[in-house]
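Colleague: So that we are looking at the same thing, I have put the structure below in structure tokens.
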Amino acid sequence: MTGDGLDGSCQRTEVVVIGAGMSGIAAVIALHQAGIDDVVLLEKTGRLGGTWRDNTYPGCGCDVPSVLYEYSFAPHSWSRSFAAQPEILGYLETTAETHGAEKAIHYGTEVLAAHWDPDTHFWHLSTTAGTWTARAVIIATGPWHRPRYPDIPGLDGFPGAVFHSADWDHGTDLTGRRIAVVGTGASTVQFLPEIQPQAAHIDVFQSTPQWVLPKPDHPLSPRLRRFLERRPAARRLLRRVQHWTQETIGVPLRHPRLLAPLEAVARLHLRAAVPDPALREALTPRYRLGGRRLIASSTYYPALTRPNVQLRPTRVTAVHGSQVIGADGTRTTADAIILATGFHVGDLALAPRLHGLHGTTLAQTWADDRRAYLGTSISGFPNLFLLPGPNILTGTSAVPTVVEAQLRYITTALNHLYASGNTALDVTPEVEEAHHNALQHALRGTVYNTSGSSYYFGVPGVNTFCWPWSAGRLVKRLHTFTPDSYIWTKQQRDPRIGRPTGGAVVPPPASRQRAHRLTAERRTP
């Protein structure tokens, strides 16, 4: 990392990573392991962790097995089969420190704009803490970043506490209070059983019922944890079993004709937990399982049957004073309102600030669609990568598995860039278009496209979230980098002196020389 300019206000680095969550931390470590040491990680807040830093609501935890929700290079002795938020955040902090990623983080640094310079082949980033120049940029802000706030008339005039589940107000005491919960997604499923015992009454407003599978969440005994620590082979076997369990669940989601057994498990779970026929009917979905985000819980249904909890199967249309009003005319009185209305999953907050070739912003490029080749590269935005990008996750995939596969692809691409003597790579429009068409065609036959869920459909009529094949196929595909899918070019002007170089390549910094050397070593028999 070097300072450009006499006042040192513009700093130069090889790679800028944006967002210090699970993906951003993994990116720094992967780049270091690939021999690219000149890396900075820009984080707009004062602490790493991403969604696991932001979401602190009671009961917050992971919905995939703990042994899959970790980096392959940093196994952890989890205390539960499905880890809770505090343990995951602690794991990320420890891993960042022990693997050197913490040193690369610049806290309190929000990216205000990023412009690609077609002459110098550098990205120029303006931030709240100065400017940066980088050869490559990795966007690792993730899909669970911006809470979605509903537009409810009168909500601003509510006299009590109002907060989103992703921005939980721990200063509000819910003991003995009447609470209105708006939404019944993954967050509500987790926090409702935690707040139910202390509240006087809870009205749960449900616009759409969810399919809920049983969740085998339980503490892992110290004896079992010690055994797994001492027997790496046994731990690897457990990971494989969990991985193939997730893959098996994914098969009927891709082939809906096979969904009946899985739906039967969910219906049996509902029947066993909810004896009241009327309540059970209100909780029964009218769409196929997997048409919306998969949810697993063994405590949500029992919480809804408690005397102080009332399910309101209607959406909220207005708030008048302390009354919450439903579309069916329901009126309830509340002391506090919790908005469990999810996230802008398909949106990238930085999209209007990213200027690619010809100054076009990513928001303009994605105005009618959101696409990226292998969920990683965007045509017209050279040397820029997404973690994770559109159409790369599924209802059963573990984010660390996907992100690590992406990072193997990205580091291979960068090392190929250095070894070839080029300074920019940009996926061709034809390759991106063909990949997108294949994805959308394959998605038509899956359950992901059956309900029109806003979680999956980032823009009307286009599924921008789901990968239509298996996680194994994704990992295998990302394992192979195809240079012919990209346009390769050399810079025309040295950014340090602002004059043409006649197409010559500027000598790379030490980290790139090391990366180039590692690439050559890997190719030597």
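Identifiers in the structure tokens: chain A, B, ... in order shown; residue index from 1 per chain; ligand index from 1 in order shown.
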Write out as a list in words each polymer residue whose atoms come within 8 Å of stretch 45-53 of chain A, counting only C-alpha atoms; drop sequence neighbours fewer than 5 positions from it.
Modeller: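 Final neighbour list, sorted by chain and number: Gly19, Ala20, Gly21, Met22, Gln85, Pro86, Ile88, Leu89, Leu92, Glu93, Tyr107, Gly108, Thr109, Glu110, Thr141, Trp144 and His145 of chain A.
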Colleague: Write out as a list in words which residues come within 8 Å of stretch 373-383 of chain A when counting only C-alpha atoms, dropping same-chain ones fewer than 6 positions away.
Modeller: Trp116, Arg135, Ala136, Val137, His355, Gly356, Leu357, Gly389, Pro390, Asn391, Ile392, Gln406, Ala424, Leu425, Asp426, Val427, Thr428, Pro429, Val431, Glu432, His435, His436 and Leu478 of chain A
Colleague: Would you list, as number ranges by chain, the residues of stretch 176-407 of chain A that end up in alpha helix (DSSP H) under DSSP run on this structure's backbone?
Modeller: A: 186-195, 222-230, 232-254, 260-273, 277-282, 300-304, 362-365, 399-407
Colleague: Between A:Thr482, A:Asp328, A:Asp54, A:Ser9, single out the one closest to A:Ser207, counting only C-alpha atoms.
Modeller: A:Asp328
Colleague: Output as a short mmCIF file (atom, residue, chain, number, x, y, z; two decimals) with N, CA and C atoms, in the first residue's frame all residues of stretch 115-358 of chain A that backbone DSSP marks as strand (DSSP E or B).
Modeller:
data_model
loop_
_atom_site.label_atom_id
_atom_site.label_comp_id
_atom_site.auth_asym_id
_atom_site.auth_seq_id
_atom_site.Cartn_x
_atom_site.Cartn_y
_atom_site.Cartn_z
N HIS A 115 -15.03 4.74 -9.46
CA HIS A 115 -14.99 4.97 -10.90
C HIS A 115 -13.87 4.15 -11.54
N TRP A 116 -14.19 3.48 -12.63
CA TRP A 116 -13.18 2.75 -13.39
C TRP A 116 -12.54 3.70 -14.39
N ASP A 117 -11.20 3.73 -14.40
CA ASP A 117 -10.47 4.56 -15.34
C ASP A 117 -10.04 3.67 -16.51
N PHE A 122 -7.36 1.33 -13.45
CA PHE A 122 -7.46 1.35 -12.00
C PHE A 122 -8.86 1.81 -11.59
N TRP A 123 -9.29 1.32 -10.44
CA TRP A 123 -10.50 1.82 -9.81
C TRP A 123 -10.11 2.97 -8.88
N HIS A 124 -10.88 4.06 -8.92
CA HIS A 124 -10.67 5.20 -8.04
C HIS A 124 -11.87 5.29 -7.10
N LEU A 125 -11.62 5.15 -5.83
CA LEU A 125 -12.69 5.10 -4.84
C LEU A 125 -12.65 6.32 -3.93
N SER A 126 -13.78 6.99 -3.82
CA SER A 126 -13.93 8.09 -2.87
C SER A 126 -14.63 7.55 -1.63
N THR A 127 -14.06 7.81 -0.47
CA THR A 127 -14.63 7.31 0.78
C THR A 127 -14.74 8.44 1.80
N GLY A 130 -11.08 9.52 2.81
CA GLY A 130 -10.07 9.76 1.78
C GLY A 130 -10.33 8.95 0.53
N THR A 131 -9.37 8.97 -0.38
CA THR A 131 -9.53 8.28 -1.66
C THR A 131 -8.53 7.14 -1.80
N TRP A 132 -8.93 6.15 -2.59
CA TRP A 132 -8.10 4.98 -2.85
C TRP A 132 -8.03 4.72 -4.35
N THR A 133 -6.90 4.19 -4.77
CA THR A 133 -6.74 3.70 -6.14
C THR A 133 -6.36 2.23 -6.05
N ALA A 134 -7.09 1.39 -6.79
CA ALA A 134 -6.86 -0.05 -6.71
C ALA A 134 -6.99 -0.69 -8.08
N ARG A 135 -6.19 -1.74 -8.30
CA ARG A 135 -6.28 -2.49 -9.55
C ARG A 135 -7.59 -3.27 -9.61
N ALA A 136 -8.02 -3.83 -8.49
CA ALA A 136 -9.23 -4.65 -8.47
C ALA A 136 -10.07 -4.32 -7.23
N VAL A 137 -11.37 -4.55 -7.35
CA VAL A 137 -12.30 -4.29 -6.25
C VAL A 137 -13.19 -5.52 -6.06
N ILE A 138 -13.36 -5.91 -4.81
CA ILE A 138 -14.26 -7.02 -4.47
C ILE A 138 -15.36 -6.47 -3.58
N ILE A 139 -16.61 -6.58 -4.04
CA ILE A 139 -17.77 -6.12 -3.27
C ILE A 139 -18.26 -7.28 -2.42
N PRO A 147 -32.13 -3.43 5.83
CA PRO A 147 -33.47 -3.81 6.28
C PRO A 147 -34.55 -3.18 5.40
N ALA A 161 -42.57 2.31 21.14
CA ALA A 161 -41.32 1.94 20.45
C ALA A 161 -41.62 1.23 19.14
N VAL A 162 -40.90 1.60 18.10
CA VAL A 162 -40.98 0.94 16.79
C VAL A 162 -39.56 0.65 16.33
N PHE A 163 -39.26 -0.61 16.04
CA PHE A 163 -37.93 -0.93 15.54
C PHE A 163 -37.97 -2.16 14.66
N HIS A 164 -36.97 -2.25 13.77
CA HIS A 164 -36.84 -3.40 12.88
C HIS A 164 -36.08 -4.50 13.62
N ARG A 178 -47.72 -5.05 25.48
CA ARG A 178 -48.48 -5.57 24.34
C ARG A 178 -47.68 -5.27 23.07
N ILE A 179 -47.37 -6.30 22.31
CA ILE A 179 -46.46 -6.16 21.18
C ILE A 179 -47.16 -6.58 19.89
N ALA A 180 -46.97 -5.79 18.85
CA ALA A 180 -47.43 -6.17 17.51
C ALA A 180 -46.20 -6.52 16.67
N VAL A 181 -46.19 -7.71 16.13
CA VAL A 181 -45.10 -8.16 15.26
C VAL A 181 -45.61 -8.16 13.83
N VAL A 182 -44.92 -7.43 12.96
CA VAL A 182 -45.32 -7.33 11.56
C VAL A 182 -44.39 -8.21 10.73
N HIS A 201 -48.90 -9.63 25.90
CA HIS A 201 -49.65 -10.14 24.76
C HIS A 201 -48.88 -9.82 23.49
N ILE A 202 -48.94 -10.73 22.51
CA ILE A 202 -48.28 -10.51 21.23
C ILE A 202 -49.27 -10.81 20.10
N ASP A 203 -49.47 -9.84 19.22
CA ASP A 203 -50.23 -10.04 17.99
C ASP A 203 -49.24 -10.21 16.84
N VAL A 204 -49.32 -11.33 16.16
CA VAL A 204 -48.41 -11.62 15.06
C VAL A 204 -49.17 -11.47 13.75
N PHE A 205 -48.82 -10.44 12.97
CA PHE A 205 -49.49 -10.19 11.70
C PHE A 205 -48.77 -10.96 10.59
N VAL A 212 -42.59 -24.50 7.51
CA VAL A 212 -41.61 -24.59 8.59
C VAL A 212 -41.25 -26.05 8.82
N LEU A 213 -40.00 -26.37 8.63
CA LEU A 213 -39.51 -27.72 8.88
C LEU A 213 -38.97 -27.82 10.31
N PRO A 219 -27.62 -28.54 22.08
CA PRO A 219 -26.23 -28.33 22.50
C PRO A 219 -25.37 -29.54 22.14
N ILE A 295 -37.50 -22.30 5.95
CA ILE A 295 -37.43 -21.95 7.37
C ILE A 295 -37.49 -23.22 8.19
N ALA A 296 -36.67 -23.29 9.23
CA ALA A 296 -36.67 -24.45 10.12
C ALA A 296 -36.73 -23.97 11.57
N VAL A 309 -50.37 -15.23 22.85
CA VAL A 309 -50.00 -14.97 21.46
C VAL A 309 -51.21 -15.17 20.56
N GLN A 310 -51.46 -14.21 19.68
CA GLN A 310 -52.57 -14.27 18.75
C GLN A 310 -52.07 -14.08 17.33
N LEU A 311 -52.30 -15.08 16.48
CA LEU A 311 -51.93 -14.94 15.08
C LEU A 311 -53.01 -14.15 14.35
N ARG A 312 -52.59 -13.13 13.62
CA ARG A 312 -53.50 -12.33 12.80
C ARG A 312 -53.15 -12.58 11.33
N VAL A 316 -50.73 -5.68 7.69
CA VAL A 316 -51.02 -4.41 8.36
C VAL A 316 -51.19 -3.33 7.30
N THR A 317 -52.30 -2.60 7.40
CA THR A 317 -52.57 -1.55 6.41
C THR A 317 -52.45 -0.14 6.98
N ALA A 318 -52.52 -0.01 8.32
CA ALA A 318 -52.43 1.33 8.91
C ALA A 318 -52.18 1.22 10.40
N VAL A 319 -51.68 2.32 10.94
CA VAL A 319 -51.53 2.47 12.38
C VAL A 319 -52.21 3.78 12.76
N HIS A 320 -53.10 3.71 13.75
CA HIS A 320 -53.82 4.91 14.20
C HIS A 320 -53.63 5.05 15.70
N GLN A 323 -53.21 1.95 17.92
CA GLN A 323 -53.90 0.81 17.30
C GLN A 323 -53.22 0.41 15.99
N VAL A 324 -53.08 -0.90 15.84
CA VAL A 324 -52.54 -1.48 14.60
C VAL A 324 -53.71 -2.10 13.86
N ILE A 325 -53.88 -1.72 12.58
CA ILE A 325 -55.07 -2.10 11.82
C ILE A 325 -54.68 -3.03 10.67
N GLY A 326 -55.40 -4.15 10.56
CA GLY A 326 -55.13 -5.12 9.52
C GLY A 326 -56.03 -4.94 8.32
N ARG A 331 -58.32 -4.73 14.58
CA ARG A 331 -57.71 -3.62 15.32
C ARG A 331 -57.17 -4.15 16.64
N THR A 332 -55.88 -3.90 16.87
CA THR A 332 -55.28 -4.32 18.13
C THR A 332 -54.53 -3.14 18.73
N THR A 333 -54.42 -3.15 20.04
CA THR A 333 -53.69 -2.10 20.74
C THR A 333 -52.30 -2.61 21.10
N ALA A 336 -45.67 -1.59 21.64
CA ALA A 336 -44.46 -1.62 20.82
C ALA A 336 -44.75 -2.37 19.53
N ILE A 337 -44.09 -1.95 18.45
CA ILE A 337 -44.23 -2.61 17.15
C ILE A 337 -42.85 -3.08 16.69
N ILE A 338 -42.76 -4.37 16.36
CA ILE A 338 -41.51 -4.94 15.83
C ILE A 338 -41.72 -5.24 14.36
N LEU A 339 -40.92 -4.62 13.52
CA LEU A 339 -41.00 -4.82 12.07
C LEU A 339 -40.05 -5.96 11.67
N PHE A 343 -35.21 -7.98 4.33
CA PHE A 343 -34.15 -7.16 3.78
C PHE A 343 -34.39 -6.90 2.29
N LEU A 354 -21.21 2.75 -8.22
CA LEU A 354 -20.18 2.05 -8.99
C LEU A 354 -20.29 2.44 -10.46
N HIS A 355 -19.25 3.09 -11.00
CA HIS A 355 -19.24 3.58 -12.37
C HIS A 355 -18.25 2.75 -13.18
#
Colleague: Can you pull out the residues contacting A:Ser454? Cut-off 12 Å, using only C-alpha atoms, and skip same-chain residues under 6 positions away; I want them as a compact mmCIF listing (two decimals) with all heavy atoms, in the first residue's frame.
Modeller:
# COMPACT_ATOMS: atom_id res chain seq x y z
N ARG A 148 -35.61 -3.93 5.19
CA ARG A 148 -36.75 -3.43 4.42
C ARG A 148 -37.80 -2.88 5.39
O ARG A 148 -38.34 -3.63 6.22
CB ARG A 148 -37.35 -4.55 3.57
CG ARG A 148 -38.51 -4.10 2.68
CD ARG A 148 -39.14 -5.31 2.00
NE ARG A 148 -38.23 -5.98 1.09
CZ ARG A 148 -38.03 -5.61 -0.18
NH1 ARG A 148 -38.70 -4.59 -0.67
NH2 ARG A 148 -37.18 -6.28 -0.93
N GLY A 291 -40.92 -22.43 -2.40
CA GLY A 291 -41.25 -21.28 -3.23
C GLY A 291 -40.85 -19.97 -2.58
O GLY A 291 -40.70 -18.95 -3.24
N ARG A 292 -40.70 -20.00 -1.28
CA ARG A 292 -40.15 -18.89 -0.51
C ARG A 292 -38.98 -19.44 0.31
O ARG A 292 -38.75 -20.64 0.34
CB ARG A 292 -41.22 -18.28 0.41
CG ARG A 292 -42.45 -17.82 -0.34
CD ARG A 292 -43.57 -17.41 0.59
NE ARG A 292 -43.31 -16.11 1.19
CZ ARG A 292 -43.68 -14.95 0.66
NH1 ARG A 292 -44.32 -14.93 -0.49
NH2 ARG A 292 -43.43 -13.81 1.26
N ARG A 293 -38.26 -18.57 0.99
CA ARG A 293 -37.08 -18.99 1.74
C ARG A 293 -37.42 -20.13 2.70
O ARG A 293 -38.43 -20.08 3.42
CB ARG A 293 -36.53 -17.81 2.53
CG ARG A 293 -35.30 -18.16 3.36
CD ARG A 293 -34.81 -16.97 4.16
NE ARG A 293 -33.66 -17.31 4.98
CZ ARG A 293 -33.03 -16.47 5.80
NH1 ARG A 293 -33.45 -15.22 5.89
NH2 ARG A 293 -31.99 -16.86 6.50
N THR A 341 -39.73 -7.43 8.67
CA THR A 341 -40.11 -7.35 7.26
C THR A 341 -38.95 -7.62 6.32
O THR A 341 -38.99 -7.26 5.14
CB THR A 341 -40.73 -5.98 6.97
OG1 THR A 341 -39.94 -4.95 7.57
CG2 THR A 341 -42.14 -5.90 7.57
N GLY A 342 -37.89 -8.22 6.82
CA GLY A 342 -36.82 -8.69 5.97
C GLY A 342 -35.87 -7.64 5.45
O GLY A 342 -35.74 -6.55 6.02
N PHE A 343 -35.21 -7.98 4.33
CA PHE A 343 -34.15 -7.16 3.78
C PHE A 343 -34.39 -6.90 2.29
O PHE A 343 -35.17 -7.59 1.63
CB PHE A 343 -32.79 -7.86 3.93
CG PHE A 343 -32.39 -8.11 5.34
CD1 PHE A 343 -32.82 -9.24 6.03
CD2 PHE A 343 -31.58 -7.21 6.02
CE1 PHE A 343 -32.44 -9.47 7.34
CE2 PHE A 343 -31.19 -7.43 7.33
CZ PHE A 343 -31.63 -8.56 7.99
N HIS A 344 -33.70 -5.90 1.76
CA HIS A 344 -33.65 -5.68 0.32
C HIS A 344 -32.62 -6.66 -0.25
O HIS A 344 -31.51 -6.28 -0.61
CB HIS A 344 -33.27 -4.23 0.01
CG HIS A 344 -34.29 -3.22 0.41
ND1 HIS A 344 -35.37 -2.89 -0.39
CD2 HIS A 344 -34.41 -2.47 1.54
CE1 HIS A 344 -36.11 -1.98 0.21
NE2 HIS A 344 -35.55 -1.70 1.38
N VAL A 345 -33.01 -7.91 -0.31
CA VAL A 345 -32.07 -8.98 -0.65
C VAL A 345 -31.48 -8.81 -2.04
O VAL A 345 -30.29 -9.02 -2.26
CB VAL A 345 -32.76 -10.35 -0.51
CG1 VAL A 345 -31.83 -11.46 -0.99
CG2 VAL A 345 -33.16 -10.59 0.93
N GLY A 346 -32.29 -8.42 -3.00
CA GLY A 346 -31.81 -8.33 -4.37
C GLY A 346 -31.09 -7.03 -4.70
O GLY A 346 -30.55 -6.88 -5.80
N ASP A 347 -31.09 -6.09 -3.77
CA ASP A 347 -30.47 -4.79 -4.04
C ASP A 347 -29.03 -4.75 -3.56
O ASP A 347 -28.69 -5.34 -2.53
CB ASP A 347 -31.25 -3.67 -3.34
CG ASP A 347 -32.64 -3.47 -3.92
OD1 ASP A 347 -32.88 -3.98 -5.03
OD2 ASP A 347 -33.47 -2.82 -3.26
N TYR A 448 -38.30 -22.68 -7.05
CA TYR A 448 -37.92 -21.30 -6.72
C TYR A 448 -38.73 -20.27 -7.51
O TYR A 448 -38.88 -19.13 -7.08
CB TYR A 448 -36.43 -21.07 -6.99
CG TYR A 448 -35.51 -22.01 -6.26
CD1 TYR A 448 -34.53 -22.73 -6.95
CD2 TYR A 448 -35.59 -22.19 -4.88
CE1 TYR A 448 -33.66 -23.59 -6.30
CE2 TYR A 448 -34.74 -23.06 -4.21
CZ TYR A 448 -33.78 -23.75 -4.92
OH TYR A 448 -32.92 -24.60 -4.27
N PRO A 460 -39.24 -7.53 -10.96
CA PRO A 460 -40.45 -8.26 -11.37
C PRO A 460 -40.18 -9.24 -12.50
O PRO A 460 -39.62 -8.89 -13.54
CB PRO A 460 -41.39 -7.13 -11.82
CG PRO A 460 -40.94 -5.94 -11.04
CD PRO A 460 -39.45 -6.07 -10.95
N GLY A 461 -40.57 -10.47 -12.26
CA GLY A 461 -40.47 -11.50 -13.29
C GLY A 461 -39.11 -12.14 -13.46
O GLY A 461 -38.95 -13.02 -14.30
N VAL A 462 -38.12 -11.72 -12.67
CA VAL A 462 -36.77 -12.27 -12.82
C VAL A 462 -36.23 -12.74 -11.47
O VAL A 462 -36.11 -11.96 -10.54
CB VAL A 462 -35.79 -11.22 -13.41
CG1 VAL A 462 -34.41 -11.84 -13.62
CG2 VAL A 462 -36.32 -10.66 -14.72
N ASN A 463 -35.95 -14.03 -11.39
CA ASN A 463 -35.34 -14.58 -10.19
C ASN A 463 -33.87 -14.19 -10.19
O ASN A 463 -33.10 -14.63 -11.05
CB ASN A 463 -35.49 -16.10 -10.18
CG ASN A 463 -35.03 -16.74 -8.87
OD1 ASN A 463 -34.04 -16.32 -8.28
ND2 ASN A 463 -35.74 -17.78 -8.44
N THR A 464 -33.46 -13.36 -9.23
CA THR A 464 -32.08 -12.86 -9.19
C THR A 464 -31.28 -13.47 -8.04
O THR A 464 -30.15 -13.06 -7.80
CB THR A 464 -32.08 -11.33 -9.03
OG1 THR A 464 -32.77 -10.97 -7.82
CG2 THR A 464 -32.78 -10.66 -10.21
N PHE A 465 -31.85 -14.43 -7.33
CA PHE A 465 -31.21 -14.97 -6.14
C PHE A 465 -30.68 -16.38 -6.32
O PHE A 465 -29.58 -16.70 -5.89
CB PHE A 465 -32.19 -14.94 -4.96
CG PHE A 465 -31.61 -15.37 -3.65
CD1 PHE A 465 -30.96 -14.46 -2.82
CD2 PHE A 465 -31.70 -16.69 -3.22
CE1 PHE A 465 -30.42 -14.84 -1.61
CE2 PHE A 465 -31.15 -17.09 -2.01
CZ PHE A 465 -30.51 -16.16 -1.21
N CYS A 466 -31.47 -17.24 -6.94
CA CYS A 466 -31.22 -18.68 -6.87
C CYS A 466 -30.32 -19.23 -7.97
O CYS A 466 -30.40 -18.85 -9.14
CB CYS A 466 -32.55 -19.43 -6.91
SG CYS A 466 -33.62 -19.10 -5.51
Colleague: Work out how far apart atom CA of A:His269 and atom CA of A:His218 are and give it in Å to one decimal.
Modeller: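 Straight-line distance from atom CA of A:His269 to atom CA of A:His218 works out to 17.5 Å.
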Colleague: Determine, counting only C-alpha atoms, which protein, DNA and RNA residues have an atom within 8 Å of an atom of A:Gln246; residues of the same chain fewer than 4 positions away are not included. Present the result as a list in words.
Modeller: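 Residues meeting the cut-off are Gln242, Gly250, Thr396 and Ser397 of chain A.
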Colleague: Write a file of the selected residues as a PDB file, in the first residue's frame, keeping all heavy atoms.
Modeller:
ATOM      1  N   GLN A 242     -23.429 -33.745   6.663  1.00  0.00           N
ATOM      2  CA  GLN A 242     -24.281 -32.556   6.689  1.00  0.00           C
ATOM      3  C   GLN A 242     -24.403 -31.947   5.298  1.00  0.00           C
ATOM      4  O   GLN A 242     -25.484 -31.491   4.893  1.00  0.00           O
ATOM      5  CB  GLN A 242     -23.707 -31.518   7.661  1.00  0.00           C
ATOM      6  CG  GLN A 242     -23.692 -31.960   9.120  1.00  0.00           C
ATOM      7  CD  GLN A 242     -25.078 -31.905   9.750  1.00  0.00           C
ATOM      8  OE1 GLN A 242     -26.085 -31.872   9.064  1.00  0.00           O
ATOM      9  NE2 GLN A 242     -25.121 -31.897  11.068  1.00  0.00           N
ATOM     10  N   GLY A 250     -32.079 -30.308  -1.319  1.00  0.00           N
ATOM     11  CA  GLY A 250     -32.137 -29.454  -2.503  1.00  0.00           C
ATOM     12  C   GLY A 250     -32.673 -30.136  -3.743  1.00  0.00           C
ATOM     13  O   GLY A 250     -33.164 -29.461  -4.660  1.00  0.00           O
ATOM     14  N   THR A 396     -30.601 -24.209   0.151  1.00  0.00           N
ATOM     15  CA  THR A 396     -29.932 -25.125   1.071  1.00  0.00           C
ATOM     16  C   THR A 396     -28.417 -24.924   1.141  1.00  0.00           C
ATOM     17  O   THR A 396     -27.755 -25.594   1.931  1.00  0.00           O
ATOM     18  CB  THR A 396     -30.198 -26.586   0.651  1.00  0.00           C
ATOM     19  OG1 THR A 396     -29.724 -26.794  -0.685  1.00  0.00           O
ATOM     20  CG2 THR A 396     -31.689 -26.898   0.697  1.00  0.00           C
ATOM     21  N   SER A 397     -27.858 -24.029   0.333  1.00  0.00           N
ATOM     22  CA  SER A 397     -26.403 -23.883   0.306  1.00  0.00           C
ATOM     23  C   SER A 397     -25.898 -23.082   1.497  1.00  0.00           C
ATOM     24  O   SER A 397     -26.585 -22.191   2.007  1.00  0.00           O
ATOM     25  CB  SER A 397     -25.959 -23.208  -0.993  1.00  0.00           C
ATOM     26  OG  SER A 397     -26.612 -21.964  -1.165  1.00  0.00           O
TER      27      SER A 397
END
Colleague: Give me, as a list in words, all polymer residues having an atom no more than 7 Å from A:Arg177, counting only C-alpha atoms and skipping those fewer than 5 positions away in the same chain.
Modeller: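 So the residues in contact are Ala199, Ala200, His201 and Asp335 of chain A.
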Colleague: What does the file look like for those residues with N, CA, C and O atoms, as a compact mmCIF listing (two decimals), in the first residue's frame?
Modeller:
# COMPACT_ATOMS: atom_id res chain seq x y z
N ALA A 199 -43.75 -11.15 27.47
CA ALA A 199 -44.74 -10.18 27.00
C ALA A 199 -46.10 -10.45 27.62
O ALA A 199 -46.45 -11.59 27.94
N ALA A 200 -46.87 -9.38 27.77
CA ALA A 200 -48.25 -9.54 28.23
C ALA A 200 -49.10 -10.14 27.12
O ALA A 200 -49.92 -11.04 27.35
N HIS A 201 -48.90 -9.63 25.90
CA HIS A 201 -49.65 -10.14 24.76
C HIS A 201 -48.88 -9.82 23.49
O HIS A 201 -48.25 -8.76 23.39
N ASP A 335 -48.17 -1.59 22.63
CA ASP A 335 -47.22 -0.69 23.28
C ASP A 335 -45.93 -0.58 22.47
O ASP A 335 -45.17 0.38 22.62
Colleague: Quick check, in Å to one decimal: how far apart do atom CA of A:Glu102 and atom CA of A:Trp168 lie?
Modeller: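 These atoms are spaced 26.3 Å apart.
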Colleague: Quick one: residues within 12 Å of A:Thr394, only C-alpha atoms, excluding same-chain residues fewer than 5 positions away - as a ChimeraX atom specification?
Modeller: /A:64,246-247,249-251,253-254,290-294,388,399,401-402,443,446-448,455-456,463-472,474
Colleague: Would you mind telling me which residue in A:Ser485, A:Ser77, A:Thr248, A:Gln198 lies nearest to A:Gly395 when using only C-alpha atoms?
Modeller: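 For A:Gly395, the nearest of the given residues is A:Thr248.
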Colleague: Pick the closest to A:Leu268 from A:Ala96, A:Trp211, A:Asn308, A:Ser221: which is it, counting only C-alpha atoms?
Modeller: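 When distances to A:Leu268 are compared using only C-alpha atoms, the smallest one comes from A:Trp211.
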